[in-house]
Every structure is written in structure tokens, then in C-alpha cells.
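One structure is given below, encoded as C-alpha cells.
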Amino acid sequence: MKIETYRGAPFVDREEEIEFFVDWFSEVPQRILWVYGPKSSGKTTVIEYVVEKRLLGEGNWWEEGKFWVKYINLRRKLISSYKTFLHAFIVPEDVYKETVENNKSFSLRVFPIERKNLKEIEAREKDLFEVLMEKIEEESRHRRAILIIDEIQKLQDLYINSERELLKEFLNFCVSLTKEKHLCHVVILTSNTVFR
Ligand SMILES: Nc1ncnc2c1ncn2[C@@H]1O[C@H](COP(=O)(O)OP(=O)(O)OP(=O)(O)O)[C@@H](O)[C@H]1O
Ligand SMILES: [Mg+2]
């Protein structure tokens with residue numbers, strides 16, 4: 001059993017899981033990867049380790065690298081409505097570029113979208129998932145795309161409008177990315193047994 005130090009704390013016995021993720025990401029996306037586990041079992045830590053140490057190398061990974069990765073931890077966001085959800089993850093392209101110059105890891109947590117599209121999405125004239133799909137289609141032409149969502153249960157009970165449930169639409173989008181289009185890996189982490 002290997003004991004490593006990660007972020008200054010012991011990181012024990014995760015070789016198998018790490019290799020599992022690395023192998024998974026080397027294959028063509030076929031289905032969503034669900035990661036369940038009791039609270040504090042180490043789900044977030046292992047996936048963050050994989051992203052940081054195995055997927056993103058040195059250099060300009062946010063621009064070139066082998067992988068295009070978005071890692072969204074919903075616990076770290078205050079999300080009370082569809083609007084706050086949008087504002088937490090979608091930023092105008094110009095703001096994205098400026099911020100990433102000072103804070104590289106910002107690029108992991110948000111999607112840059114043209115201002116025009118952003119306004120239309122906010123006004124519900126354009127579909128968020130269509131815009132994201134186009135973005136991922138474009139990125140996945142050059143490198144392997146990976147979308148990781150931690151604490152997915154926080155999307156429960158949010159609505160895009162009175163007829164559209166955010167969580168349902170989001171999961172449909174993930175199925176399309178993986179099973180249908182084979183465009184992007186999707187990893188969803190939760191300790192919530194509702195999702196089993
Ligand atoms: N392999 C490991 N060896 C030792 N400590 C670990 C390991 N993995 C995680 N930890 C520690 O255990 C604690 C819980 O880990 P983490 O937050 O990753 O769990 P989690 O499953 O994501 O929990 P939650 O369900 O609350 O999101 C953290 O303090 C973390 O540093
Ligand atoms: Mg966690």
C-alpha cells in the first residue's frame with residue numbers, strides 16, 4: 001500500500017482507483033461514469049488528484065494539453081436558482097481570458113461563452129445545453145474532453161422554466177455527450193443514495 005502526501009495530507013491506497021480513471025479516460029466515451037460512496041470516503045480527493053496530477057500536465061494545459069477538462073464542484077457554489085447556476089459556470093469569453101491569465105485553475109471551473117449567446121441563454125431565447133454542446137464539439141476535435149460534476153444532487157429541485165427540470169435536462173445532456181455522440185467523458189460524483 002502506497003502512502004503519498006497530497007495537499008499536505010496523507011493520501012493512502014488509491015493506486016487502483018487512479019489507474020481505473022486514467023484508463024477510462026483513454027477510451028472513447030460510451031456512458032456516464034457514476035462515482036458513489038459514503039460521505040468522506042474520499043471521492044472528491046481522488047478525482048481532484050487524477051485531474052491535477054494525471055490529466056493536466058505542465059505548461060499551458062488550459063489552452064493546449066491533451067485533455068480539455070471542466071471540473072465543477074457544486075458544493076463550492078451557492079446555487080439557488082437556474083440563474084445562479086448559470087452565473088456560477090458560464091462566463092463571457094473576454095472575462096474568461098483575462099481571469100485565466102492570473103488564475104489558471106479558473107479555466108477548470110467555468111465555460112467561456114460569447115456574450116451574445118450568454119444574453120440569449122439568460123433570456124431563455126437560446127438553449128444552454130445546445131450552446132454547451134457546440135462548445136464541447138469544437139473542443140473535442142482537438143483533444144479529449146472530460147466533464148466532471150461533484151455533488152450533483154444540488155441541482156435537484158431547480159427549474160429552467162416551469163416545465164423544464166434542470167437536473168433532468170442536465171442528465172439528458174450528459175447521456176447525449178457520452179452514449180449518443182461519444183464526444184466527452186462525463187463523471188458524476190455523489191454520496192446521495194437517491195441517485196443509485
Ligand atoms: N486516500 C486517502 N487517504 C487519506 N485521507 C484521505 C484520502 N482520501 C481522502 N482523504 C481525506 O478524507 C477527507 C474526506 O475526503 P473527501 O472530501 O475527498 O471525501 P468525499 O467522499 O468527497 O466526501 P463528501 O461525500 O462529503 O463529498 C478529507 O479530509 C481528505 O483529505
Ligand atoms: Mg466530495
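By order in the C-alpha cells, chains are A, B, ...; within a chain, residues start at 1; ligands start at 1, following the order shown.
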Protein and nucleic residues near ligand 2, 12 Å, only C-alpha atoms and all ligand atoms, as a VMD selection string: chain A and resid 35 to 48 72 to 76 149 to 153 188 to 192
For A:Ile148: contacts at 6 Å, only C-alpha atoms, fewer than 6 positions along chain excluded, given as a list in words: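 Residues near the query, excluding close chain neighbours: Tyr71, Val186, Val187 and Ile188 of chain A.
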One-decimal distance in Å that lies between atom CA of A:Leu56 and atom 5 (N, counted along the ligand's line) of ligand 1: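 Straight-line distance from atom 5 (N, counted along the ligand's line) of ligand 1 to atom CA of A:Leu56 works out to 22.0 Å.
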Distance in Å - atom CA of A:Leu118 versus atom CA of A:Pro29: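 Result for atom CA of A:Leu118 versus atom CA of A:Pro29: 27.7 Å, one decimal.
Counting only C-alpha atoms and comparing A:Asn117, A:Thr178, A:Ser105, A:Asn161, the residue that lies closest to A:Glu52 is A:Ser105.
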Surrounding residues of A:Val69 excluding itself and chain neighbours under 5 positions, 6 Å, only C-alpha atoms, as a VMD selection string: chain A and resid 145 to 147
Test item, alpha helix (DSSP H) assignment across stretch 37-151 of chain A, answer as a VMD selection string: chain A and resid 43 to 49 82 to 89 93 to 102 106 to 109 115 to 122 128 to 139
